[in-house]
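Engineer: Input: one structure, supplied below.
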Amino acid sequence: MAAYVLCPSCQTSCPEGATFCYRCGASLAGAAPGAPAPTPAPAPYPTPVANGYPYPPPPPSISYETHRAIDRTKTGLVLLAIGALIAWLPLIGILGSLLVLVGAILVILGRHAFGPKHARNVGIAIALFVFGFLGALALAGAFVSSVTSAVALPAAEAEPAITGAFGGLLLGALILGVISGLSTVLFIWELLNGTGRALILLSYVVALLLAALIYAMIMPQLTPALSSMFAVSPPDPTSIVALDNQINNLRLLQALPALLEAGAAYVAWSRIDAGQIP
C-alpha cells in the first residue's frame with residue numbers, strides 16, 4: 001500500500017517522496033506520515049423531472065417538409081403584402097394581382113405546418129374566393145349582355161335598361177366584396193395576434209365602406225348621365241365616360257384597406273420569423 005505524508009501547512013495527504021504539497025505548494029521536508037486521501041463521493045445523479053429526463057428534453061426536431069412549408073408561407077406573406085400595396089394602382093395593378101396570386105398559392109402549400117385550424121380556414125377561404133371569382137364572371141357576363149341588348153332598343157327603353165344593368169353591377173360587386181373580403185380575413189387569421197387581427201378586420205370593414213360609398217355616389221348620377229347620352233343621335237357616351245372616371249378616382253381610396261391588409265400580412269410574417277409560430 002502506498003505511503004502518504006501530511007502537509008504541515010494544509011494537512012493534505014500527499015504521496016511519500018513528494019517535495020512540495022500539490023495543494024498549497026508548501027515544502028514537505030520533515031512531514032509526518034498520514035493516511036491516504038479519502039476518495040471523493042460521486043456526484044449525485046440529477047433528480048428526474050416529470051417527463052423522466054434528468055434535464056428538460058431538447059425541443060422536437062422539425063422535419064424538412066415542415067421547414068419547407070414554413071419558408072413557403074413566409075415568402076407567400078411577403079408577396080401578399082407587396083401585392084396588396086400595389087394592386088390598387090391603375091398602371092401596375094395587374095403586377096400586384098399576380099404577386100397576390102403567387103403569394104396565396106405559397107401560403108396554401110404551407111398551410112399544414114401551422115395546425116388544423118389554419119389549414120381549415122385556408123380551405124374555407126379558397127372556397128369563398130372561387131365562389132366570388134365565378135360570381136364576378138357571371139356578373140360581368142350579365143352586365144355586358146344587358147348593355148348590348150339595351151343599346152339596340154329605342155332611346156326611351158334603352159335608358160332604364162342600362163340604368164338597371166349598372167345598378168345590378170354595382171350592387172353585385174358590393175355583395176361579392178363581402179364574400180371575397182371574408183376569404184382574405186380567414187386566409188391568414190390563425191397566423192395573427194391581436195394587432196394583426198385588428199388590422200385585417202379594419203381592412204375588411206374599410207373596403208366594404210368604400211364599395212358602399214361608390215354605390216351611393218354613382219347611382220344618383222347614373223340616370224342623368226344616361227339621359228345626356230341618349231339626348232342626341234347617335235348617343236354620345238361622354239357623360240358615361242366622365243362617370244366611369246369618377247368611379248376610378250374613388251377606387252384610389254382603396255389604398256387605405258390595401259395598406260391595412262399589407263400590415264396584417266407583415267405581422268404574420270414577423271411572428272413566424274421570430275419563432276412565435278408554429
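Chains: A, B, ... in order of the C-alpha cells. Residues: from 1 per chain. Ligands: from 1, in order shown.
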With a cut-off of 12 Å, could you pull out the residues of region 71-159 of chain A touching region 218-237 of chain A and give me the nearest pair of atoms for each, distance in Å to one decimal, using only C-alpha atoms, ordered by chain and ascending number, as a Markdown table?
Structural biologist:
| residue | atom | partner | partner_atom | distance |
| --- | --- | --- | --- | --- |
| A:Ala150 | CA | A:Phe230 | CA | 11.8 |
| A:Val151 | CA | A:Pro235 | CA | 9.4 |
| A:Ala152 | CA | A:Pro235 | CA | 11.5 |
| A:Leu153 | CA | A:Phe230 | CA | 11.3 |
| A:Pro154 | CA | A:Phe230 | CA | 9.5 |
| A:Ala155 | CA | A:Phe230 | CA | 6.0 |
| A:Ala156 | CA | A:Phe230 | CA | 8.5 |
| A:Glu157 | CA | A:Phe230 | CA | 10.5 |
| A:Ala158 | CA | A:Phe230 | CA | 8.5 |
| A:Glu159 | CA | A:Leu226 | CA | 6.0 |
Engineer: Any chance you could export the current selection's all heavy atoms as a CSV table (one decimal), in the first residue's frame?
Structural biologist:
chain,number,residue,atom,x,y,z
A,150,ALA,N,-79.6,46.4,-74.5
A,150,ALA,CA,-80.3,47.7,-74.3
A,150,ALA,C,-79.9,48.7,-75.4
A,150,ALA,O,-80.7,49.5,-75.8
A,150,ALA,CB,-79.9,48.3,-72.9
A,151,VAL,N,-78.7,48.6,-75.9
A,151,VAL,CA,-78.2,49.6,-76.9
A,151,VAL,C,-79.0,49.4,-78.2
A,151,VAL,O,-79.3,50.4,-78.9
A,151,VAL,CB,-76.7,49.4,-77.2
A,151,VAL,CG1,-76.3,50.2,-78.4
A,151,VAL,CG2,-75.9,49.8,-76.0
A,152,ALA,N,-79.5,48.2,-78.4
A,152,ALA,CA,-80.3,48.0,-79.6
A,152,ALA,C,-81.7,48.5,-79.5
A,152,ALA,O,-82.5,48.5,-80.5
A,152,ALA,CB,-80.3,46.5,-80.0
A,153,LEU,N,-82.2,48.9,-78.3
A,153,LEU,CA,-83.5,49.3,-78.1
A,153,LEU,C,-83.7,50.8,-78.4
A,153,LEU,O,-82.7,51.5,-78.5
A,153,LEU,CB,-83.9,49.1,-76.6
A,153,LEU,CG,-83.9,47.6,-76.1
A,153,LEU,CD1,-84.2,47.6,-74.6
A,153,LEU,CD2,-85.0,46.8,-76.8
A,154,PRO,N,-84.9,51.3,-78.6
A,154,PRO,CA,-85.1,52.7,-78.7
A,154,PRO,C,-84.6,53.5,-77.5
A,154,PRO,O,-84.5,52.9,-76.4
A,154,PRO,CB,-86.7,52.8,-78.9
A,154,PRO,CG,-87.1,51.5,-79.4
A,154,PRO,CD,-86.1,50.5,-78.7
A,155,ALA,N,-84.3,54.7,-77.7
A,155,ALA,CA,-83.7,55.5,-76.6
A,155,ALA,C,-84.6,55.5,-75.3
A,155,ALA,O,-84.1,55.4,-74.2
A,155,ALA,CB,-83.5,57.0,-77.0
A,156,ALA,N,-85.9,55.6,-75.5
A,156,ALA,CA,-86.8,55.6,-74.3
A,156,ALA,C,-86.7,54.3,-73.5
A,156,ALA,O,-86.9,54.3,-72.3
A,156,ALA,CB,-88.2,55.9,-74.8
A,157,GLU,N,-86.5,53.2,-74.2
A,157,GLU,CA,-86.4,51.9,-73.5
A,157,GLU,C,-84.9,51.6,-73.1
A,157,GLU,O,-84.7,50.9,-72.1
A,157,GLU,CB,-86.9,50.8,-74.4
A,157,GLU,CG,-88.4,51.0,-74.7
A,157,GLU,CD,-88.9,49.9,-75.7
A,157,GLU,OE1,-88.2,48.9,-75.8
A,157,GLU,OE2,-89.9,50.1,-76.3
A,158,ALA,N,-84.0,52.1,-73.8
A,158,ALA,CA,-82.6,51.8,-73.6
A,158,ALA,C,-82.1,52.4,-72.2
A,158,ALA,O,-81.3,51.8,-71.5
A,158,ALA,CB,-81.7,52.3,-74.7
A,159,GLU,N,-82.6,53.6,-72.0
A,159,GLU,CA,-82.1,54.3,-70.8
A,159,GLU,C,-82.4,53.6,-69.5
A,159,GLU,O,-81.5,53.3,-68.7
A,159,GLU,CB,-82.6,55.7,-70.7
A,159,GLU,CG,-82.2,56.5,-69.5
A,159,GLU,CD,-82.8,57.9,-69.5
A,159,GLU,OE1,-83.0,58.5,-70.6
A,159,GLU,OE2,-83.0,58.4,-68.4
Engineer: Quick one: residues within 12 Å of Gly30 (chain A), only C-alpha atoms counted, chain neighbours fewer than 3 positions away excluded, as a PyMOL selection string?
Structural biologist: chain A and resi 5-9+16-20+26-27+33
Engineer: Restricting the calculation to only C-alpha atoms, which member of A:Gly110, A:Ile82, A:Gly263, A:Thr238 is positioned closest to Ser97 (chain A)?
Structural biologist: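 Residue with the minimum atom-to-atom distance to Ser97 (chain A): A:Ile82.
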Engineer: Expressed in Å to a single decimal, how great is the separation between CA of Tyr215 (chain A) and CA of Leu170 (chain A)?
Structural biologist: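 Straight-line distance from CA of Tyr215 (chain A) to CA of Leu170 (chain A) works out to 6.1 Å.
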Engineer: Between A:Gly141, A:Gly123, A:Gly196, A:Gly168, which is the closest to Arg111 (chain A) once you count only C-alpha atoms?
Structural biologist: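 So, comparing all the options, the nearest one is A:Gly123.
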Engineer: Rounded to one decimal place, report the CA of Leu95 (chain A)-CA of Ala265 (chain A) distance in Å.
Structural biologist: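 Separating CA of Leu95 (chain A) from CA of Ala265 (chain A) is a distance of 18.0 Å.
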Engineer: Have a look at CA of Thr73 (chain A) and CA of Pro90 (chain A) and let me know their distance in Å, one decimal.
Structural biologist: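 Between these atoms lies a distance of 28.0 Å.
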Engineer: Just list as an MDAnalysis selection string whatever in region 7-191 of chain A DSSP marks as strand (DSSP E).
Structural biologist: chainID A and resid 13:15 33:34
Engineer: Applying 8 Å and only C-alpha atoms, which residues near Leu210 (chain A) remain after dropping the ones on its own chain fewer than 3 positions away? List them as number ranges by chain.
Structural biologist: A: 206-207, 213-214, 251, 253-254
